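K.L.:
One structure is given below, represented as structure tokens, and several questions about it will come after.
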Amino acid sequence: MSERDRAFDGSPRNRRPRDELGRPLPYGSVGVPTTPDDLALSPSAALQRADALLQSGRPFHAHEILELQWKACPAEQRALWQALAQWAVAITHHARGNPTGARSVLNRASNTLATHQGPVPAGLDLTAVLAWCREALAAEPASSDADATWPPLPALWRASTN
């Protein structure tokens, strides 16, 4: 039995290739590129990269970018970044055909985003994200076995017009 791959801090790493929705593929398969564990981006760059991943149908990988930012940001910004990461997870669950998980995580993310009081990182279109959350939750059926169609994703990041 081989020893598990570990990061410098001792945390486990998973080197299995993944598909566009983050599902693990068999070893030796060709997957899509994943996010390096040590990637450091500015808030604006993280939003821009996450948005590009979301718009290209890779919400799991957008979640990875947002999660890295959440873990690296100052304490007063953590709830916002965590909610954005949860938003991407909800989109992932929906794309994978898990409406119950999608709705649960989307409710949590939406509630946190709606109550955010602090500053918003440059380029984050929080108004558009919240409007999308409300529309998606309204479209989601009460029955977990029904398939709801969510609205097209909004832009998470917008270039500054100043």
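Identifiers for the structure tokens are assigned positionally: chains receive A, B, ... in sequence, residues are indexed from 1 per chain, and ligands are indexed from 1 in the order shown.
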Mind checking which residues fall within 12 Å of A:Ala83, counting only C-alpha atoms, ignoring those fewer than 2 positions away in the same chain, and posting them as a PyMOL selection string?
P.N.:
chain A and resi 63+66-67+69-70+77-81+85-90+105-116+126+129-130+133
K.L.:
Just want the 6 Å neighbourhood of stretch 41-47 of chain A, counted on only C-alpha atoms, with same-chain residues fewer than 3 positions away dropped. Output as a VMD selection string.
P.N.:
chain A and resid 50 to 51 122 157
K.L.:
Using DSSP on the backbone coordinates, identify the residues of chain A assigned to strand (DSSP E or B); present them as a list in words.
P.N.:
Arg6, Pro12, Arg18, Pro24, Val32, Leu124 and Trp157 of chain A
K.L.:
Go through stretch 37-120 of chain A and collect every residue that DSSP, computed from the backbone, puts in helix (DSSP H, G or I); the answer should be as a ChimeraX atom specification.
P.N.:
/A:43-55,59-72,75-95,99-114
K.L.:
Check the smallest atom-to-atom distance from each of A:Ala40, A:Ala75, A:Ala136, A:Leu21 to A:Trp150 using only C-alpha atoms, then report the winner.
P.N.:
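The answer is A:Ala136, which sits nearest to A:Trp150.
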K.L.:
Go ahead and compute the interatomic distance for atom CA of A:Glu76 and atom CA of A:Glu64, in Å to one decimal.
P.N.:
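Between atom CA of A:Glu76 and atom CA of A:Glu64 the gap works out to 20.1 Å.
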K.L.:
Which value, in Å to one decimal, gives the distance between atom CA of A:Thr92 and atom CA of A:Gln55?
P.N.:
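Separation of atom CA of A:Thr92 and atom CA of A:Gln55: 12.4 Å.
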K.L.:
For each of A:Arg158, A:Arg49, A:Arg16, A:Arg96, take the minimum atom-to-atom distance to A:Gly31, counting only C-alpha atoms, then give the residue where this is smallest.
P.N.:
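For A:Gly31, the nearest of the candidates is A:Arg16.
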K.L.:
Expressed in Å to a single decimal, how great is the separation between atom CA of A:Gly22 and atom CA of A:Phe60?
P.N.:
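Taking atom CA of A:Gly22 as the start and atom CA of A:Phe60 as the end point, the length is 5.4 Å.
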K.L.:
Go through A:Pro26, A:Gly101, A:Gly123, A:Gly118 one by one, measure the shortest atom-to-atom distance of each to A:Pro74 using only C-alpha atoms, and give the residue with the smallest value.
P.N.:
A:Gly118
